[in-house]
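Here is coords_21.tsv, consisting of TSV, C-alpha atoms:
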```tsv
chain	number	residue	atom	x	y	z
C	714	MET	CA	50.36	33.12	-32.91
C	715	THR	CA	48.32	36.29	-32.59
C	716	THR	CA	45.91	37.05	-29.81
C	717	THR	CA	43.00	36.89	-32.25
C	718	THR	CA	44.00	33.38	-33.35
C	719	ARG	CA	44.26	32.14	-29.76
C	720	VAL	CA	40.85	33.54	-28.88
C	721	ALA	CA	39.31	31.93	-31.96
C	722	GLY	CA	40.86	28.57	-31.05
C	723	ALA	CA	39.58	28.76	-27.49
C	724	GLU	CA	36.13	29.64	-28.78
C	725	ARG	CA	36.11	26.61	-31.07
C	726	ARG	CA	37.07	24.35	-28.16
C	727	ARG	CA	34.32	25.78	-25.99
C	728	ARG	CA	31.59	25.21	-28.56
C	729	PRO	CA	31.62	21.37	-28.41
C	730	ALA	CA	31.68	21.46	-24.61
C	731	THR	CA	28.76	23.91	-24.53
C	732	ALA	CA	26.80	21.83	-27.04
C	733	GLU	CA	27.42	18.66	-25.02
C	734	ALA	CA	26.29	20.39	-21.83
C	735	ARG	CA	23.09	21.57	-23.52
C	736	HIS	CA	22.51	18.09	-24.90
C	737	ALA	CA	22.96	16.52	-21.45
C	738	ALA	CA	20.62	19.10	-19.89
C	739	GLY	CA	18.08	18.34	-22.61
C	740	ARG	CA	18.23	14.61	-21.84
C	741	VAL	CA	17.69	15.24	-18.15
C	742	ALA	CA	14.82	17.66	-18.83
C	743	ALA	CA	13.17	15.17	-21.19
C	744	ALA	CA	13.48	12.38	-18.60
C	745	LEU	CA	12.04	14.69	-15.93
C	746	GLY	CA	9.13	15.61	-18.20
C	747	ARG	CA	8.32	11.99	-19.01
C	748	SER	CA	8.47	11.01	-15.36
C	749	ALA	CA	6.25	13.91	-14.32
C	750	ALA	CA	3.75	13.03	-17.03
C	751	ILE	CA	3.56	9.53	-15.56
C	752	PHE	CA	3.57	10.63	-11.92
C	753	VAL	CA	0.53	12.92	-12.02
C	754	PRO	CA	-2.07	10.45	-13.41
C	755	VAL	CA	-0.60	7.57	-11.39
C	756	PHE	CA	-0.81	9.62	-8.20
C	757	LEU	CA	-4.38	10.73	-8.92
C	758	VAL	CA	-5.63	7.22	-9.70
C	759	ALA	CA	-3.71	5.62	-6.84
C	760	THR	CA	-4.96	8.11	-4.25
C	761	PHE	CA	-8.55	7.74	-5.48
C	762	VAL	CA	-8.36	3.96	-5.22
C	763	THR	CA	-6.69	4.28	-1.83
C	764	PHE	CA	-9.47	6.48	-0.50
C	765	ALA	CA	-12.15	4.23	-2.01
C	766	LEU	CA	-10.81	1.35	0.07
C	767	ARG	CA	-12.46	2.84	3.16
C	768	SER	CA	-15.92	2.68	1.63
C	769	MET	CA	-15.24	-0.81	0.33
C	770	SER	CA	-13.96	-2.03	3.70
C	771	GLY	CA	-17.15	-1.18	5.58
C	772	LEU	CA	-15.06	-0.11	8.60
C	773	SER	CA	-16.08	2.81	10.75
C	774	PRO	CA	-14.42	4.77	13.58
C	775	ALA	CA	-17.62	4.25	15.58
C	776	ARG	CA	-17.08	0.48	15.63
C	777	ILE	CA	-13.50	0.99	16.90
C	778	GLN	CA	-14.33	3.63	19.50
C	779	LEU	CA	-17.74	2.39	20.70
C	780	GLY	CA	-17.46	-1.34	20.11
C	781	GLU	CA	-19.77	-3.75	18.32
C	782	GLU	CA	-22.69	-3.03	20.68
C	783	ALA	CA	-22.94	0.65	19.69
C	784	THR	CA	-26.41	1.94	18.91
C	785	PRO	CA	-27.23	3.26	15.41
C	786	GLU	CA	-27.67	6.77	16.84
C	787	ALA	CA	-24.21	6.70	18.43
C	788	ILE	CA	-22.67	5.38	15.22
C	789	ARG	CA	-24.27	8.18	13.17
C	790	ARG	CA	-23.07	10.77	15.68
C	791	VAL	CA	-19.44	9.57	15.59
C	792	GLU	CA	-19.43	9.25	11.79
C	793	ALA	CA	-20.80	12.78	11.50
C	794	GLU	CA	-17.94	14.03	13.68
C	795	TRP	CA	-15.49	12.45	11.23
C	796	GLY	CA	-17.34	13.82	8.19
C	797	LEU	CA	-18.35	10.37	7.00
C	798	ASP	CA	-21.96	11.42	6.50
C	799	GLU	CA	-20.97	13.58	3.51
C	800	PRO	CA	-21.09	12.35	-0.12
C	801	PHE	CA	-18.17	10.17	-1.18
C	802	LEU	CA	-16.67	12.66	-3.66
C	803	THR	CA	-16.92	15.47	-1.12
C	804	GLN	CA	-15.03	13.35	1.41
C	805	TYR	CA	-12.42	12.50	-1.21
C	806	GLY	CA	-12.00	16.17	-2.17
C	807	HIS	CA	-11.37	17.19	1.44
C	808	TRP	CA	-8.98	14.28	2.01
C	809	PHE	CA	-7.06	14.87	-1.23
C	810	SER	CA	-6.69	18.57	-0.44
C	811	ASP	CA	-5.24	17.67	2.96
C	812	VAL	CA	-2.86	15.17	1.34
C	813	LEU	CA	-1.53	17.88	-1.01
C	814	HIS	CA	-0.78	19.97	2.09
C	815	GLY	CA	1.03	17.07	3.78
C	816	GLN	CA	-1.81	16.27	6.18
C	817	LEU	CA	-2.74	12.58	6.22
C	818	GLY	CA	-5.56	12.77	8.73
C	819	THR	CA	-6.14	11.56	12.27
C	820	SER	CA	-5.96	8.02	13.61
C	821	TRP	CA	-9.25	6.36	14.40
C	822	VAL	CA	-7.60	4.39	17.20
C	823	ASN	CA	-5.84	7.03	19.31
C	824	GLY	CA	-6.64	10.38	17.65
C	825	ALA	CA	-2.95	11.06	16.89
C	826	ASP	CA	-1.77	12.87	13.80
C	827	ILE	CA	-0.95	10.24	11.16
C	828	SER	CA	1.73	12.34	9.46
C	829	THR	CA	3.63	12.48	12.76
C	830	LEU	CA	3.25	8.75	13.40
C	831	ILE	CA	4.40	7.85	9.88
C	832	GLY	CA	7.29	10.31	10.12
C	833	LEU	CA	8.60	8.60	13.25
C	834	GLY	CA	8.48	5.13	11.69
C	835	LEU	CA	9.69	6.28	8.30
C	836	GLY	CA	12.88	7.71	9.77
C	837	VAL	CA	13.77	4.30	11.19
C	838	SER	CA	12.91	2.39	8.01
C	839	ILE	CA	14.67	4.82	5.67
C	840	SER	CA	17.83	4.57	7.79
C	841	VAL	CA	17.84	0.78	7.58
C	842	ALA	CA	16.75	0.67	3.92
C	843	THR	CA	19.34	3.22	2.80
C	844	PHE	CA	22.16	1.36	4.55
C	845	ALA	CA	20.89	-1.96	3.13
C	846	LEU	CA	20.79	-0.41	-0.34
C	847	VAL	CA	24.35	0.91	0.00
C	848	ILE	CA	25.60	-2.50	1.11
C	849	GLY	CA	23.65	-4.24	-1.64
C	850	VAL	CA	24.75	-1.88	-4.42
C	851	VAL	CA	28.44	-1.89	-3.45
C	852	ALA	CA	28.66	-5.66	-2.94
C	853	GLY	CA	26.47	-6.41	-5.96
C	854	PHE	CA	28.47	-4.04	-8.16
C	855	VAL	CA	31.75	-5.66	-7.16
C	856	LEU	CA	30.47	-9.22	-7.59
C	857	GLY	CA	28.70	-8.50	-10.88
C	858	THR	CA	31.69	-6.68	-12.34
C	859	VAL	CA	34.19	-9.36	-11.34
C	860	ALA	CA	31.90	-12.09	-12.73
C	861	ALA	CA	31.57	-10.23	-16.04
C	862	LEU	CA	35.29	-9.60	-16.34
C	863	ARG	CA	36.03	-13.26	-15.52
C	864	ARG	CA	33.08	-14.68	-17.45
C	865	THR	CA	33.02	-18.45	-18.12
C	866	THR	CA	35.79	-18.98	-15.54
C	867	VAL	CA	35.72	-20.64	-12.12
C	868	VAL	CA	35.42	-17.21	-10.51
C	869	ASP	CA	32.31	-16.44	-12.56
C	870	ARG	CA	30.70	-19.76	-11.63
C	871	ALA	CA	31.54	-19.32	-7.94
C	872	ILE	CA	30.01	-15.83	-7.84
C	873	THR	CA	26.93	-17.02	-9.72
C	874	GLY	CA	26.46	-19.86	-7.25
C	875	PHE	CA	26.94	-17.54	-4.28
C	876	VAL	CA	24.39	-14.95	-5.42
C	877	THR	CA	21.93	-17.72	-6.25
C	878	LEU	CA	22.31	-19.06	-2.71
C	879	ILE	CA	21.79	-15.74	-0.94
C	880	SER	CA	18.85	-14.84	-3.20
C	881	VAL	CA	16.75	-17.69	-1.76
C	882	MET	CA	17.55	-16.89	1.88
C	883	PRO	CA	14.59	-15.06	3.53
C	884	ALA	CA	15.49	-11.85	5.35
C	885	PHE	CA	13.97	-13.04	8.64
C	886	VAL	CA	16.14	-16.20	8.59
C	887	VAL	CA	19.24	-14.15	7.87
C	888	GLY	CA	18.25	-11.74	10.63
C	889	ILE	CA	17.89	-14.53	13.22
C	890	VAL	CA	21.28	-15.98	12.25
C	891	LEU	CA	22.94	-12.56	12.44
C	892	VAL	CA	21.48	-11.93	15.90
C	893	ALA	CA	22.57	-15.36	17.14
C	894	VAL	CA	26.11	-15.11	15.76
C	895	LEU	CA	27.14	-11.44	15.69
C	896	ALA	CA	25.00	-10.04	18.52
C	897	VAL	CA	24.63	-12.88	21.04
C	898	GLY	CA	27.67	-14.99	20.12
C	899	PHE	CA	30.35	-12.34	19.57
C	900	GLY	CA	28.63	-9.28	21.04
C	901	LEU	CA	29.71	-7.10	18.12
C	902	PHE	CA	26.36	-5.40	17.61
C	903	PRO	CA	23.22	-4.74	19.69
C	904	SER	CA	20.53	-7.33	19.08
C	905	ALA	CA	17.58	-4.92	19.10
C	906	GLY	CA	16.52	-1.33	19.40
C	907	TYR	CA	17.20	1.90	17.53
C	908	VAL	CA	19.17	5.05	18.28
C	909	PRO	CA	18.56	8.18	16.13
C	910	ALA	CA	21.53	9.58	14.25
C	911	ASP	CA	21.34	12.88	16.17
C	912	GLN	CA	22.23	10.97	19.34
C	913	GLY	CA	25.47	9.68	17.85
C	914	VAL	CA	26.49	8.31	14.47
C	915	GLY	CA	28.33	5.37	16.03
C	916	PRO	CA	25.38	4.00	18.05
C	917	TRP	CA	23.05	4.70	15.11
C	918	LEU	CA	25.19	2.65	12.72
C	919	ALA	CA	25.62	-0.11	15.30
C	920	HIS	CA	21.85	-0.52	15.68
C	921	ILE	CA	20.99	-0.49	11.96
C	922	THR	CA	23.88	-2.68	10.70
C	923	LEU	CA	22.36	-6.10	11.40
C	924	PRO	CA	18.87	-5.33	10.02
C	925	ALA	CA	20.49	-3.66	7.00
C	926	LEU	CA	22.66	-6.73	6.38
C	927	ALA	CA	19.61	-8.99	6.65
C	928	LEU	CA	17.75	-6.92	4.04
C	929	SER	CA	20.74	-6.43	1.73
C	930	PHE	CA	21.15	-10.06	0.59
C	931	ASP	CA	18.36	-9.87	-1.96
C	932	VAL	CA	19.70	-6.55	-3.28
C	933	VAL	CA	23.22	-7.98	-3.62
C	934	ALA	CA	21.93	-10.96	-5.59
C	935	ASP	CA	19.71	-8.98	-7.96
C	936	VAL	CA	22.24	-6.21	-8.64
C	937	ALA	CA	25.06	-8.71	-9.22
C	938	ARG	CA	23.02	-10.84	-11.61
C	939	GLN	CA	21.62	-7.92	-13.58
C	940	LEU	CA	24.96	-6.17	-13.81
C	941	ARG	CA	26.81	-9.30	-14.92
C	942	SER	CA	24.25	-10.05	-17.63
C	943	SER	CA	24.20	-6.49	-18.96
C	944	LEU	CA	28.00	-6.15	-18.93
C	945	VAL	CA	28.46	-9.46	-20.76
C	946	ALA	CA	25.89	-8.34	-23.34
C	947	ALA	CA	27.63	-4.96	-23.69
C	948	TYR	CA	30.95	-6.68	-24.42
C	949	GLY	CA	29.30	-8.27	-27.46
C	950	GLU	CA	28.12	-4.98	-28.97
C	951	ASN	CA	29.63	-3.51	-32.13
C	952	TYR	CA	30.85	-0.34	-30.43
C	953	VAL	CA	33.06	-2.45	-28.13
C	954	THR	CA	34.47	-4.33	-31.12
C	955	GLY	CA	35.19	-1.01	-32.79
C	956	ALA	CA	36.93	0.27	-29.67
C	957	VAL	CA	39.14	-2.85	-29.60
C	958	VAL	CA	40.00	-2.36	-33.27
C	959	ARG	CA	40.96	1.26	-32.58
C	960	GLY	CA	43.43	0.02	-29.98
C	961	LEU	CA	41.77	1.40	-26.84
C	962	SER	CA	42.96	-0.09	-23.57
C	963	PRO	CA	40.73	-2.66	-21.76
C	964	ARG	CA	40.36	-0.23	-18.86
C	965	ARG	CA	39.15	2.57	-21.13
C	966	ILE	CA	36.82	0.22	-23.00
C	967	PHE	CA	35.27	-1.00	-19.75
C	968	PHE	CA	34.71	2.38	-18.09
C	969	GLY	CA	34.02	4.40	-21.23
C	970	HIS	CA	31.78	1.99	-23.14
C	971	VAL	CA	30.84	-1.25	-21.41
C	972	LEU	CA	30.03	-0.03	-17.90
C	973	ARG	CA	28.29	3.15	-18.97
C	974	ASN	CA	25.98	1.32	-21.35
C	975	GLY	CA	25.49	-1.74	-19.14
C	976	LEU	CA	24.28	0.02	-16.00
C	977	GLY	CA	20.64	0.26	-17.08
C	978	PRO	CA	19.19	-3.03	-15.75
C	979	ALA	CA	21.12	-2.77	-12.48
C	980	LEU	CA	19.95	0.82	-11.90
C	981	ALA	CA	16.38	-0.18	-12.72
C	982	THR	CA	16.68	-2.95	-10.12
C	983	VAL	CA	17.88	-0.43	-7.53
C	984	GLY	CA	14.90	1.78	-8.36
C	985	GLN	CA	12.54	-1.06	-7.52
C	986	LYS	CA	14.37	-2.22	-4.41
C	987	PHE	CA	14.48	0.89	-2.22
C	988	PRO	CA	10.70	1.40	-1.79
C	989	ALA	CA	10.33	-2.35	-1.28
C	990	LEU	CA	12.97	-2.30	1.45
C	991	VAL	CA	11.15	0.53	3.24
C	992	GLY	CA	7.67	-0.98	3.02
C	993	ALA	CA	8.28	-4.71	3.27
C	994	SER	CA	10.61	-4.85	6.27
C	995	VAL	CA	7.94	-5.59	8.87
C	996	VAL	CA	9.31	-9.05	9.77
C	997	THR	CA	12.86	-7.73	10.09
C	998	GLU	CA	11.61	-4.88	12.27
C	999	TRP	CA	9.91	-7.38	14.58
C	1000	ILE	CA	13.13	-9.41	14.88
C	1001	PHE	CA	15.27	-6.39	15.74
C	1002	GLY	CA	12.66	-4.56	17.83
C	1003	LEU	CA	12.34	-1.58	15.48
C	1004	GLN	CA	9.26	0.64	15.38
C	1005	GLY	CA	9.52	1.31	11.67
C	1006	PHE	CA	7.25	2.11	8.76
C	1007	GLY	CA	6.49	-1.51	7.92
C	1008	ARG	CA	5.55	-2.38	11.49
C	1009	PHE	CA	3.34	0.72	11.74
C	1010	ALA	CA	1.56	-0.33	8.52
C	1011	ASN	CA	1.00	-3.84	9.87
C	1012	ASP	CA	-0.27	-2.63	13.25
C	1013	SER	CA	-2.63	-0.12	11.59
C	1014	ALA	CA	-4.08	-2.74	9.26
C	1015	GLN	CA	-4.68	-5.18	12.11
C	1016	ALA	CA	-6.39	-2.46	14.18
C	1017	GLY	CA	-8.65	-1.44	11.28
C	1018	ASP	CA	-7.26	2.10	11.39
C	1019	VAL	CA	-8.26	3.04	7.84
C	1020	PRO	CA	-6.88	6.64	7.82
C	1021	ALA	CA	-3.49	5.30	8.94
C	1022	VAL	CA	-3.52	2.62	6.24
C	1023	GLN	CA	-4.46	5.25	3.67
C	1024	GLY	CA	-1.57	7.41	4.84
C	1025	VAL	CA	0.81	4.47	4.54
C	1026	LEU	CA	-0.35	3.79	0.99
C	1027	VAL	CA	0.04	7.46	-0.02
C	1028	VAL	CA	3.57	7.63	1.37
C	1029	SER	CA	4.42	4.33	-0.34
C	1030	ILE	CA	3.17	5.68	-3.67
C	1031	VAL	CA	5.26	8.82	-3.27
C	1032	LEU	CA	8.33	6.78	-2.36
C	1033	VAL	CA	7.99	4.48	-5.37
C	1034	VAL	CA	7.39	7.25	-7.88
C	1035	SER	CA	9.99	9.62	-6.43
C	1036	PHE	CA	12.75	7.05	-6.30
C	1037	ASN	CA	12.00	5.88	-9.83
C	1038	LEU	CA	12.14	9.52	-10.92
C	1039	ILE	CA	15.62	9.79	-9.41
C	1040	ILE	CA	16.71	6.60	-11.18
C	1041	ASN	CA	15.38	7.90	-14.50
C	1042	LEU	CA	17.33	11.13	-14.07
C	1043	VAL	CA	20.49	9.19	-13.27
C	1044	LEU	CA	19.98	6.97	-16.32
C	1045	ALA	CA	19.48	10.03	-18.52
C	1046	ARG	CA	22.74	11.47	-17.23
C	1047	VAL	CA	25.04	8.44	-17.25
C	1048	MET	CA	23.52	6.44	-20.11
C	1049	PRO	CA	23.25	8.65	-23.20
C	1050	ALA	CA	23.27	5.54	-25.40
C	1051	SER	CA	19.98	4.40	-23.91
C	1052	GLN	CA	18.40	7.66	-25.00
C	1053	ARG	CA	19.59	7.06	-28.54
C	1054	GLY	CA	18.16	3.56	-28.57
C	1055	VAL	CA	21.57	1.82	-28.65
```

Is it possible to express this structure as structure tokens?
Amino acid sequence: MTTTTRVAGAERRRRPATAEARHAAGRVAAALGRSAAIFVPVFLVATFVTFALRSMSGLSPARIQLGEEATPEAIRRVEAEWGLDEPFLTQYGHWFSDVLHGQLGTSWVNGADISTLIGLGLGVSISVATFALVIGVVAGFVLGTVAALRRTTVVDRAITGFVTLISVMPAFVVGIVLVAVLAVGFGLFPSAGYVPADQGVGPWLAHITLPALALSFDVVADVARQLRSSLVAAYGENYVTGAVVRGLSPRRIFFGHVLRNGLGPALATVGQKFPALVGASVVTEWIFGLQGFGRFANDSAQAGDVPAVQGVLVVSIVLVVSFNLIINLVLARVMPASQRGV
């Protein structure tokens, strides 16, 4: 074989790989474009509604700082200091400009920077939520896959019953049981408190394990159920029948066809769960003595600290949209069939 022939053969082999890489990049770019097209209007509308809540609430920093007996003159003076005497759209423009620069305003209650306060609580909640998501995805993936591979058997029914049971167990009940058994009873984990990761990975993991376990039950149940259903449905598709006819091994059929095309509902579930875990963990944070994002949101709402509540809502919006963007990019990369409408 001549050198020219070998070069031509190598070139022909490279062309399909290059075309596939361009096709995959195109799918990812298209998914990114669609997500960005959704994110911008959603963010604009959501932030406008969020800011409008202050005017609708009738709350004022003067009432918090001066009390209910404040004179009208004192109220006007304090509101002027906060820029609340300006037209609504002017206030919104200033606030939105600050938001784009990462500045969420100042607390009405203590005058602290809201971005700093949210950052402190968000670090705690993201640590717990991420660990809970990892536990939920791994356990749910294993249970859902085993149930699909052993569908209609005793194993399938046992897993279905188990995930149904844990799906109806509230996180605060699970948290109390975990504290009583694993923390107080066996002394395996601390019952409360938080240690940042920069002070030691071991203590950090020890303090977030129990709250993460308490939050992970719902994720385990939803991922397992969605994955089992989608995998069972994928096994009934024509492309799987064709793969069986061609003599492909069960392992290759599962990983190359069934799993890749059945991940969609489970990944969509994960995309919805992470922001919910961060924002809705206030009860769990109370049980385990964590000063997290959910507890900060609850305390701010009870105190009538409108700028803090607005900051919480903005961060929640960004979390939801950003994580769903990540999920869409993952789907575009690992599920080409979904982009073709299969």

CA of Ile1039 (chain C) to CA of Ser994 (chain C), straight-line distance in Å: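 Taking CA of Ser994 (chain C) as the start and CA of Ile1039 (chain C) as the end point, the length is 22.0 Å.
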
Using all atoms listed in the file: which of C:Val890, C:Leu833, C:Val791, C:Val859 has the shortest distance to Arg938 (chain C): C:Val859

Selected residue, from C:Phe875, C:Phe844, C:Phe987, C:Trp808, that lies nearest to Ala934 (chain C) when counting all atoms listed in the file: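 Looking only at the distances to Ala934 (chain C), the closest residue turns out to be C:Phe875.
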
Nearby residues (all atoms listed in the file) at most 9 Å from Ala919 (chain C), same-chain spacing under 6 positions excluded, as a list of chain:residue names: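 Using all atoms listed in the file, the neighbours found are C:Leu901, C:Phe902, C:Pro903, C:Tyr907, C:Val908.
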
Residues near Leu817 (chain C), cut-off 6 Å, only C-alpha atoms, skip fewer than 3 positions along chain, as JSON, numbers by chain: {"C": [812, 827, 828, 1024]}

Given all atoms listed in the file as the counted atoms, nearest of C:Leu976, C:Gly834, C:Ala860, C:Val983 to Gly874 (chain C):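 Nearest candidate to Gly874 (chain C) out of C:Leu976, C:Gly834, C:Ala860, C:Val983: C:Ala860.
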
Atom pair CA of Gly857 (chain C) / CA of Leu940 (chain C): separation (Å): 5.3 Å

Separation of CA of Asp931 (chain C) from CA of Thr843 (chain C), in Å and rounded to one decimal: 14.0 Å

Taking 6 positions as the minimum chain separation for residues in the same chain, which residues sit within 9 Å of Leu928 (chain C) when counting only C-alpha atoms? Answer as a PDB file with C-alpha atoms, in the frame of the given file.
```pdb
ATOM      1  CA  VAL C 841      17.840   0.780   7.580  1.00  0.00           C
ATOM      2  CA  ALA C 842      16.750   0.670   3.920  1.00  0.00           C
ATOM      3  CA  ALA C 845      20.890  -1.960   3.130  1.00  0.00           C
ATOM      4  CA  LEU C 846      20.790  -0.410  -0.340  1.00  0.00           C
ATOM      5  CA  GLY C 849      23.650  -4.240  -1.640  1.00  0.00           C
ATOM      6  CA  PRO C 883      14.590 -15.060   3.530  1.00  0.00           C
ATOM      7  CA  ALA C 884      15.490 -11.850   5.350  1.00  0.00           C
ATOM      8  CA  PHE C 885      13.970 -13.040   8.640  1.00  0.00           C
ATOM      9  CA  VAL C 887      19.240 -14.150   7.870  1.00  0.00           C
ATOM     10  CA  GLY C 888      18.250 -11.740  10.630  1.00  0.00           C
ATOM     11  CA  LEU C 990      12.970  -2.300   1.450  1.00  0.00           C
ATOM     12  CA  SER C 994      10.610  -4.850   6.270  1.00  0.00           C
ATOM     13  CA  THR C 997      12.860  -7.730  10.090  1.00  0.00           C
TER      14      THR C 997
END
```

Residue contacts of Thr858 (chain C) (7 Å, all atoms listed in the file) excluding same-chain residues fewer than 4 positions away, as a list of chain:residue names: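 The neighbour list is C:Phe854, C:Leu862, C:Leu940, C:Arg941.
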
Best match for closeness to Val991 (chain C) among C:Trp917, C:Phe1036, C:Phe899, C:Tyr805, counting only C-alpha atoms: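 The answer is C:Phe1036, which sits nearest to Val991 (chain C).
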
Selected residue, from C:Ser1013, C:Gln912, C:Ser773, C:Gln816, that lies nearest to Val1027 (chain C) when counting all atoms listed in the file: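 Looking at the shortest contact to Val1027 (chain C), the residue is C:Gln816.
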
Test item: residues at most 9 Å from Leu779 (chain C), all atoms listed in the file, excluding those fewer than 5 positions along its chain, as a list in words: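 So the residues in contact are Pro774, Thr784, Ala787, Ile788 and Val791 of chain C.
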
Proximity to Ile777 (chain C) - best of C:Val822, C:Ala989, C:Leu797, C:Val1034, all atoms listed in the file: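 Result for the nearest residue to Ile777 (chain C): C:Val822.
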